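Reading through the structure tokens given below for one structure.
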Amino acid sequence: MNLDALKNQPRLLIEAYLQPIQGSRFQATGFPDLGAAEFDGPDGRRMLLVESAQSIANRLEEVCWDKVANDWVMPLRGLPCVKVLDKNGQPLTNSVLEAHRLNSPYILESKDRTVFDILKAELADMEQGMVNIRRLAEVVARLDINALLHGLFLAKKELAGGRLRLPRALSGFVEAEDIQVAQSGGVKNDSVNPSGDTGKGFGNVPFARTEYTAPRITAFFNLDLAQLRGFGLADSLTDLLIALALFKIRRFLRDGLRLRTACDLQPHEVRATRPDGWSLPELADLEDLLPGLIRAATSHFAGVTTVRYPG
């Protein structure tokens, strides 16, 4: 992986052109009180937000976690994280998959104050004055380095007055252009009592279904290299963060593109658009590279931190 070409670049931009794995229709994400997010592009083309930045961020984590083993997928084994156990000592959740990562209430609101006390002690000198982002990044990397890519907001007044924030370094979204609506529908049939009370789940219920077609669907990814360098971490950690970000993108494009029941996509071209001419490593190359990068950075990690949440 040619990291030298990225050393003076502020951003790494990647685009992946997608297409439905079968047929031509796909289902967009929906938002409360809005439905599908259709909008007019700057050139007047009708556009559609297929997947939001928030959703992509979560999906990039999901492809990194082996839920059966309750651990990172094999190439990422050895990365630090916080695991939460229930009152019986069984896996409950973890900092990789939690909606607010280390700020999860299962981690910071538990009677087990292990992580809270670590953060409180390590960041005690930030109660007043400017937040030391480099120190914050160092502490977060020790507990869960992935949170530096995902972003983090420790919104507790006991921790520097709730001012501890790290912006998202790796972001993404999926858009479709020149969209056309594919309108269809169906009926939920009740062969026993077709005219039954539909409010209670009985009776025949007709419904409408809105899907879309588009000549181009594109997944966009943005890795903020300037932000990663601004953390002031050891070179081994910065290299690991870049490789981890690329692994997440490649793994998502291989395994994570079944976004919904009727939105199953596949990539047909993936390329880096900035810096110009930079070659994106293949997933197999990243899988070979990451174990060595993780071993080289082990001294900066706390390993697996365990918190019990009795409920």
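Going by the structure tokens order, chains are called A, B, ..., each with residues numbered from 1, while ligands are numbered from 1 in the order shown.
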Next on the checklist: If we count only C-alpha atoms and set the cut-off at 9 Å, which residues sit around stretch 180-184 of chain A, ignoring sequence neighbours fewer than 2 positions away in its own chain? Please answer as a list of chain:residue names.
Outcome noted: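 These residues fall inside the cut-off: A:Arg25, A:Phe26, A:Arg46, A:Asp178, A:Gly186, A:Phe207, A:Ala208, A:Arg209, A:Thr210, A:Glu211, A:Tyr212, A:Thr213, A:Ala214.
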Item to check | DSSP strand (DSSP E or B) residues within stretch 101-266 of chain A, listed as a VMD selection string | outcome: chain A and resid 152 to 154 164 to 166 170 to 177 180 to 188 205 to 213 216 to 224 258 to 260 263 to 266
Once DSSP has gone over the backbone, tell me which residues of stretch 18-243 of chain A are in alpha helix (DSSP H), as a PDB file with N, CA and C atoms, in the first residue's frame.
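This went into part12.pdb:
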```
ATOM      1  N   ALA A  53     -25.314   9.183   5.406  1.00  0.00           N
ATOM      2  CA  ALA A  53     -23.995   9.113   6.037  1.00  0.00           C
ATOM      3  C   ALA A  53     -24.057   8.368   7.361  1.00  0.00           C
ATOM      4  N   GLN A  54     -25.130   8.585   8.120  1.00  0.00           N
ATOM      5  CA  GLN A  54     -25.256   7.907   9.406  1.00  0.00           C
ATOM      6  C   GLN A  54     -25.346   6.396   9.218  1.00  0.00           C
ATOM      7  N   SER A  55     -26.135   5.969   8.231  1.00  0.00           N
ATOM      8  CA  SER A  55     -26.294   4.537   7.987  1.00  0.00           C
ATOM      9  C   SER A  55     -25.005   3.908   7.485  1.00  0.00           C
ATOM     10  N   ILE A  56     -24.323   4.572   6.568  1.00  0.00           N
ATOM     11  CA  ILE A  56     -23.070   4.034   6.044  1.00  0.00           C
ATOM     12  C   ILE A  56     -22.049   3.876   7.161  1.00  0.00           C
ATOM     13  N   ALA A  57     -21.971   4.852   8.068  1.00  0.00           N
ATOM     14  CA  ALA A  57     -21.019   4.760   9.179  1.00  0.00           C
ATOM     15  C   ALA A  57     -21.261   3.494   9.992  1.00  0.00           C
ATOM     16  N   ASN A  58     -22.519   3.200  10.274  1.00  0.00           N
ATOM     17  CA  ASN A  58     -22.837   1.993  11.036  1.00  0.00           C
ATOM     18  C   ASN A  58     -22.543   0.726  10.239  1.00  0.00           C
ATOM     19  N   ARG A  59     -22.848   0.752   8.962  1.00  0.00           N
ATOM     20  CA  ARG A  59     -22.606  -0.437   8.132  1.00  0.00           C
ATOM     21  C   ARG A  59     -21.108  -0.723   7.987  1.00  0.00           C
ATOM     22  N   LEU A  60     -20.291   0.316   8.007  1.00  0.00           N
ATOM     23  CA  LEU A  60     -18.846   0.116   7.917  1.00  0.00           C
ATOM     24  C   LEU A  60     -18.309  -0.584   9.158  1.00  0.00           C
ATOM     25  N   GLU A  61     -18.989  -0.416  10.292  1.00  0.00           N
ATOM     26  CA  GLU A  61     -18.586  -1.135  11.505  1.00  0.00           C
ATOM     27  C   GLU A  61     -19.100  -2.572  11.498  1.00  0.00           C
ATOM     28  N   GLU A  62     -20.320  -2.762  11.003  1.00  0.00           N
ATOM     29  CA  GLU A  62     -20.927  -4.090  11.040  1.00  0.00           C
ATOM     30  C   GLU A  62     -20.089  -5.128  10.292  1.00  0.00           C
ATOM     31  N   PRO A 105     -24.656   4.387  26.857  1.00  0.00           N
ATOM     32  CA  PRO A 105     -25.092   4.337  28.258  1.00  0.00           C
ATOM     33  C   PRO A 105     -24.764   2.998  28.918  1.00  0.00           C
ATOM     34  N   TYR A 106     -24.640   1.926  28.128  1.00  0.00           N
ATOM     35  CA  TYR A 106     -24.278   0.636  28.693  1.00  0.00           C
ATOM     36  C   TYR A 106     -22.823   0.605  29.153  1.00  0.00           C
ATOM     37  N   ILE A 107     -22.036   1.565  28.668  1.00  0.00           N
ATOM     38  CA  ILE A 107     -20.632   1.660  29.061  1.00  0.00           C
ATOM     39  C   ILE A 107     -20.421   2.725  30.140  1.00  0.00           C
ATOM     40  N   LEU A 108     -21.011   3.898  29.954  1.00  0.00           N
ATOM     41  CA  LEU A 108     -20.753   5.015  30.872  1.00  0.00           C
ATOM     42  C   LEU A 108     -21.801   5.181  31.961  1.00  0.00           C
ATOM     43  N   THR A 114     -15.670   1.240  35.131  1.00  0.00           N
ATOM     44  CA  THR A 114     -14.309   1.009  34.641  1.00  0.00           C
ATOM     45  C   THR A 114     -13.901   2.024  33.580  1.00  0.00           C
ATOM     46  N   VAL A 115     -14.680   2.131  32.510  1.00  0.00           N
ATOM     47  CA  VAL A 115     -14.318   3.032  31.409  1.00  0.00           C
ATOM     48  C   VAL A 115     -14.507   4.490  31.817  1.00  0.00           C
ATOM     49  N   PHE A 116     -15.585   4.783  32.526  1.00  0.00           N
ATOM     50  CA  PHE A 116     -15.813   6.157  32.981  1.00  0.00           C
ATOM     51  C   PHE A 116     -14.634   6.643  33.824  1.00  0.00           C
ATOM     52  N   ASP A 117     -14.160   5.816  34.738  1.00  0.00           N
ATOM     53  CA  ASP A 117     -13.054   6.224  35.612  1.00  0.00           C
ATOM     54  C   ASP A 117     -11.764   6.416  34.822  1.00  0.00           C
ATOM     55  N   ILE A 118     -11.548   5.572  33.788  1.00  0.00           N
ATOM     56  CA  ILE A 118     -10.363   5.750  32.938  1.00  0.00           C
ATOM     57  C   ILE A 118     -10.421   7.102  32.238  1.00  0.00           C
ATOM     58  N   LEU A 119     -11.556   7.407  31.629  1.00  0.00           N
ATOM     59  CA  LEU A 119     -11.706   8.671  30.917  1.00  0.00           C
ATOM     60  C   LEU A 119     -11.589   9.860  31.876  1.00  0.00           C
ATOM     61  N   LYS A 120     -12.224   9.728  33.031  1.00  0.00           N
ATOM     62  CA  LYS A 120     -12.193  10.812  34.012  1.00  0.00           C
ATOM     63  C   LYS A 120     -10.765  11.097  34.462  1.00  0.00           C
ATOM     64  N   ALA A 121      -9.999  10.046  34.746  1.00  0.00           N
ATOM     65  CA  ALA A 121      -8.633  10.218  35.219  1.00  0.00           C
ATOM     66  C   ALA A 121      -7.706  10.735  34.125  1.00  0.00           C
ATOM     67  N   GLU A 122      -7.834  10.161  32.927  1.00  0.00           N
ATOM     68  CA  GLU A 122      -6.919  10.512  31.840  1.00  0.00           C
ATOM     69  C   GLU A 122      -7.175  11.911  31.289  1.00  0.00           C
ATOM     70  N   ILE A 133      -7.164  17.959  21.838  1.00  0.00           N
ATOM     71  CA  ILE A 133      -7.629  16.930  20.912  1.00  0.00           C
ATOM     72  C   ILE A 133      -6.618  15.796  20.781  1.00  0.00           C
ATOM     73  N   ARG A 134      -5.337  16.123  20.791  1.00  0.00           N
ATOM     74  CA  ARG A 134      -4.323  15.080  20.649  1.00  0.00           C
ATOM     75  C   ARG A 134      -4.345  14.122  21.838  1.00  0.00           C
ATOM     76  N   ARG A 135      -4.483  14.671  23.021  1.00  0.00           N
ATOM     77  CA  ARG A 135      -4.558  13.815  24.202  1.00  0.00           C
ATOM     78  C   ARG A 135      -5.841  12.984  24.176  1.00  0.00           C
ATOM     79  N   LEU A 136      -6.943  13.589  23.794  1.00  0.00           N
ATOM     80  CA  LEU A 136      -8.207  12.875  23.700  1.00  0.00           C
ATOM     81  C   LEU A 136      -8.101  11.732  22.695  1.00  0.00           C
ATOM     82  N   ALA A 137      -7.498  11.986  21.527  1.00  0.00           N
ATOM     83  CA  ALA A 137      -7.346  10.955  20.503  1.00  0.00           C
ATOM     84  C   ALA A 137      -6.474   9.808  21.001  1.00  0.00           C
ATOM     85  N   GLU A 138      -5.434  10.129  21.752  1.00  0.00           N
ATOM     86  CA  GLU A 138      -4.546   9.098  22.291  1.00  0.00           C
ATOM     87  C   GLU A 138      -5.286   8.175  23.260  1.00  0.00           C
ATOM     88  N   VAL A 139      -6.108   8.769  24.128  1.00  0.00           N
ATOM     89  CA  VAL A 139      -6.862   7.980  25.102  1.00  0.00           C
ATOM     90  C   VAL A 139      -7.926   7.127  24.401  1.00  0.00           C
ATOM     91  N   VAL A 140      -8.630   7.719  23.442  1.00  0.00           N
ATOM     92  CA  VAL A 140      -9.667   6.979  22.713  1.00  0.00           C
ATOM     93  C   VAL A 140      -9.043   5.835  21.911  1.00  0.00           C
ATOM     94  N   ALA A 141      -7.901   6.085  21.282  1.00  0.00           N
ATOM     95  CA  ALA A 141      -7.231   5.040  20.506  1.00  0.00           C
ATOM     96  C   ALA A 141      -6.867   3.857  21.386  1.00  0.00           C
ATOM     97  N   ARG A 142      -6.511   4.118  22.626  1.00  0.00           N
ATOM     98  CA  ARG A 142      -6.137   3.035  23.533  1.00  0.00           C
ATOM     99  C   ARG A 142      -7.336   2.132  23.834  1.00  0.00           C
ATOM    100  N   LEU A 143      -8.524   2.728  23.950  1.00  0.00           N
ATOM    101  CA  LEU A 143      -9.714   1.953  24.302  1.00  0.00           C
ATOM    102  C   LEU A 143     -10.413   1.355  23.088  1.00  0.00           C
ATOM    103  N   ASP A 144     -10.506   2.130  22.003  1.00  0.00           N
ATOM    104  CA  ASP A 144     -11.179   1.663  20.778  1.00  0.00           C
ATOM    105  C   ASP A 144     -10.765   2.567  19.629  1.00  0.00           C
ATOM    106  N   ALA A 147     -13.075   4.234  16.976  1.00  0.00           N
ATOM    107  CA  ALA A 147     -13.869   5.426  17.266  1.00  0.00           C
ATOM    108  C   ALA A 147     -13.241   6.683  16.669  1.00  0.00           C
ATOM    109  N   LEU A 148     -11.938   6.668  16.397  1.00  0.00           N
ATOM    110  CA  LEU A 148     -11.295   7.819  15.759  1.00  0.00           C
ATOM    111  C   LEU A 148     -11.748   7.965  14.312  1.00  0.00           C
ATOM    112  N   LEU A 149     -12.117   6.864  13.673  1.00  0.00           N
ATOM    113  CA  LEU A 149     -12.658   6.927  12.317  1.00  0.00           C
ATOM    114  C   LEU A 149     -14.140   7.265  12.340  1.00  0.00           C
ATOM    115  N   HIS A 150     -14.867   6.637  13.251  1.00  0.00           N
ATOM    116  CA  HIS A 150     -16.316   6.828  13.296  1.00  0.00           C
ATOM    117  C   HIS A 150     -16.703   8.200  13.825  1.00  0.00           C
ATOM    118  N   LEU A 225      -7.645  12.756   5.840  1.00  0.00           N
ATOM    119  CA  LEU A 225      -6.258  12.473   6.187  1.00  0.00           C
ATOM    120  C   LEU A 225      -5.658  13.579   7.050  1.00  0.00           C
ATOM    121  N   ALA A 226      -6.059  14.816   6.803  1.00  0.00           N
ATOM    122  CA  ALA A 226      -5.548  15.939   7.600  1.00  0.00           C
ATOM    123  C   ALA A 226      -5.962  15.782   9.060  1.00  0.00           C
ATOM    124  N   GLN A 227      -7.185  15.344   9.278  1.00  0.00           N
ATOM    125  CA  GLN A 227      -7.650  15.139  10.650  1.00  0.00           C
ATOM    126  C   GLN A 227      -6.866  14.024  11.334  1.00  0.00           C
ATOM    127  N   LEU A 228      -6.626  12.930  10.618  1.00  0.00           N
ATOM    128  CA  LEU A 228      -5.858  11.831  11.208  1.00  0.00           C
ATOM    129  C   LEU A 228      -4.453  12.281  11.586  1.00  0.00           C
ATOM    130  N   ARG A 229      -3.807  13.044  10.707  1.00  0.00           N
ATOM    131  CA  ARG A 229      -2.481  13.541  11.037  1.00  0.00           C
ATOM    132  C   ARG A 229      -2.533  14.538  12.185  1.00  0.00           C
ATOM    133  N   GLY A 230      -3.619  15.301  12.261  1.00  0.00           N
ATOM    134  CA  GLY A 230      -3.772  16.292  13.330  1.00  0.00           C
ATOM    135  C   GLY A 230      -3.889  15.675  14.705  1.00  0.00           C
ATOM    136  N   ASP A 235       3.293   7.179  14.092  1.00  0.00           N
ATOM    137  CA  ASP A 235       3.118   6.821  12.685  1.00  0.00           C
ATOM    138  C   ASP A 235       2.466   5.447  12.528  1.00  0.00           C
ATOM    139  N   SER A 236       2.781   4.518  13.434  1.00  0.00           N
ATOM    140  CA  SER A 236       2.205   3.177  13.343  1.00  0.00           C
ATOM    141  C   SER A 236       0.693   3.219  13.509  1.00  0.00           C
ATOM    142  N   LEU A 237       0.198   4.132  14.355  1.00  0.00           N
ATOM    143  CA  LEU A 237      -1.243   4.253  14.556  1.00  0.00           C
ATOM    144  C   LEU A 237      -1.905   4.935  13.363  1.00  0.00           C
ATOM    145  N   THR A 238      -1.274   5.950  12.826  1.00  0.00           N
ATOM    146  CA  THR A 238      -1.842   6.648  11.672  1.00  0.00           C
ATOM    147  C   THR A 238      -1.923   5.719  10.463  1.00  0.00           C
ATOM    148  N   ASP A 239      -0.851   4.963  10.224  1.00  0.00           N
ATOM    149  CA  ASP A 239      -0.872   3.994   9.122  1.00  0.00           C
ATOM    150  C   ASP A 239      -1.970   2.960   9.340  1.00  0.00           C
ATOM    151  N   LEU A 240      -2.138   2.512  10.578  1.00  0.00           N
ATOM    152  CA  LEU A 240      -3.171   1.533  10.896  1.00  0.00           C
ATOM    153  C   LEU A 240      -4.560   2.109  10.652  1.00  0.00           C
ATOM    154  N   LEU A 241      -4.793   3.352  11.020  1.00  0.00           N
ATOM    155  CA  LEU A 241      -6.096   3.983  10.808  1.00  0.00           C
ATOM    156  C   LEU A 241      -6.435   4.068   9.324  1.00  0.00           C
ATOM    157  N   ILE A 242      -5.454   4.416   8.498  1.00  0.00           N
ATOM    158  CA  ILE A 242      -5.699   4.507   7.052  1.00  0.00           C
ATOM    159  C   ILE A 242      -6.018   3.127   6.489  1.00  0.00           C
ATOM    160  N   ALA A 243      -5.230   2.130   6.876  1.00  0.00           N
ATOM    161  CA  ALA A 243      -5.478   0.773   6.389  1.00  0.00           C
ATOM    162  C   ALA A 243      -6.824   0.246   6.874  1.00  0.00           C
TER     163      ALA A 243
END
```
Next on the checklist: Residues within 8 Å of A:Asn94, please, as a list in words. Count only C-alpha atoms; anything in the same chain fewer than 2 positions from it doesn't count.
Outcome noted: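 Contacts, in chain order: Cys81, Val82, Lys83, Val84, Leu92, Val96, Leu97, Glu98 and Arg101 of chain A.
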Item to check | Nearest candidate to A:Ala5 (options A:Ala296, A:Leu280, A:Cys64, A:Leu76; using only C-alpha atoms) | outcome: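 Under the stated criterion, the closest residue is A:Leu280.
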Item to check | Distance criterion (only C-alpha atoms): nearest to A:Arg11 out of A:Ala272, A:Leu265, A:Leu166, A:Leu259 | outcome: A:Ala272
Next on the checklist: Which residues are near A:Val205? Cut-off 8 Å, only C-alpha atoms, ignore same chain within fewer than 4 positions. Put them as a list in words.
Outcome noted: Val187, Lys188, Asn189 and Thr198 of chain A
Output file for the residues above (N, CA, C and O atoms, as a PDB file, in the first residue's frame):
```pdb
ATOM      1  N   VAL A 187     -51.182  -6.813  -1.990  1.00  0.00           N
ATOM      2  CA  VAL A 187     -52.253  -6.989  -1.009  1.00  0.00           C
ATOM      3  C   VAL A 187     -51.806  -8.018   0.022  1.00  0.00           C
ATOM      4  O   VAL A 187     -51.286  -9.082  -0.332  1.00  0.00           O
ATOM      5  N   LYS A 188     -52.038  -7.677   1.294  1.00  0.00           N
ATOM      6  CA  LYS A 188     -51.882  -8.669   2.361  1.00  0.00           C
ATOM      7  C   LYS A 188     -53.216  -9.391   2.462  1.00  0.00           C
ATOM      8  O   LYS A 188     -54.225  -8.802   2.842  1.00  0.00           O
ATOM      9  N   ASN A 189     -53.213 -10.648   2.073  1.00  0.00           N
ATOM     10  CA  ASN A 189     -54.462 -11.406   1.986  1.00  0.00           C
ATOM     11  C   ASN A 189     -54.802 -12.101   3.301  1.00  0.00           C
ATOM     12  O   ASN A 189     -53.920 -12.624   3.990  1.00  0.00           O
ATOM     13  N   THR A 198     -58.949  -4.569  10.100  1.00  0.00           N
ATOM     14  CA  THR A 198     -57.544  -4.418   9.690  1.00  0.00           C
ATOM     15  C   THR A 198     -56.684  -3.792  10.780  1.00  0.00           C
ATOM     16  O   THR A 198     -55.469  -3.994  10.814  1.00  0.00           O
TER      17      THR A 198
END
```
Can you list every residue of stretch 4-31 of chain A that has an atom at most 12 Å from stretch 245-250 of chain A, with its nearest atom pair and the distance in Å to one decimal, using only C-alpha atoms, ordered by chain then number, as CSV?
```
residue,atom,partner,partner_atom,distance
A:Leu12,CA,A:Leu246,CA,10.0
A:Leu13,CA,A:Leu246,CA,10.9
A:Ile14,CA,A:Ile249,CA,9.1
A:Glu15,CA,A:Ile249,CA,10.2
A:Ala16,CA,A:Ile249,CA,9.7
```
Checklist entry - Interatomic distance between atom CA of A:Arg254 and atom CA of A:Pro267? => result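 Here the two named atoms are 8.0 Å from each other.
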Item to check | Among listed residues A:Ser191, A:Pro310, A:Asn70, A:Leu244, nearest A:Asn146 (using only C-alpha atoms) | outcome: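 Of all the options, A:Leu244 lies closest to A:Asn146.
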Next on the checklist: So that I can check the surroundings of A:Gly44, please list as an MDAnalysis selection string every protein, DNA and RNA residue that reaches within 12 Å of it, counting only C-alpha atoms and ignoring chain neighbours fewer than 3 positions away.
Outcome noted: chainID A and resid 39:41 47 177:179
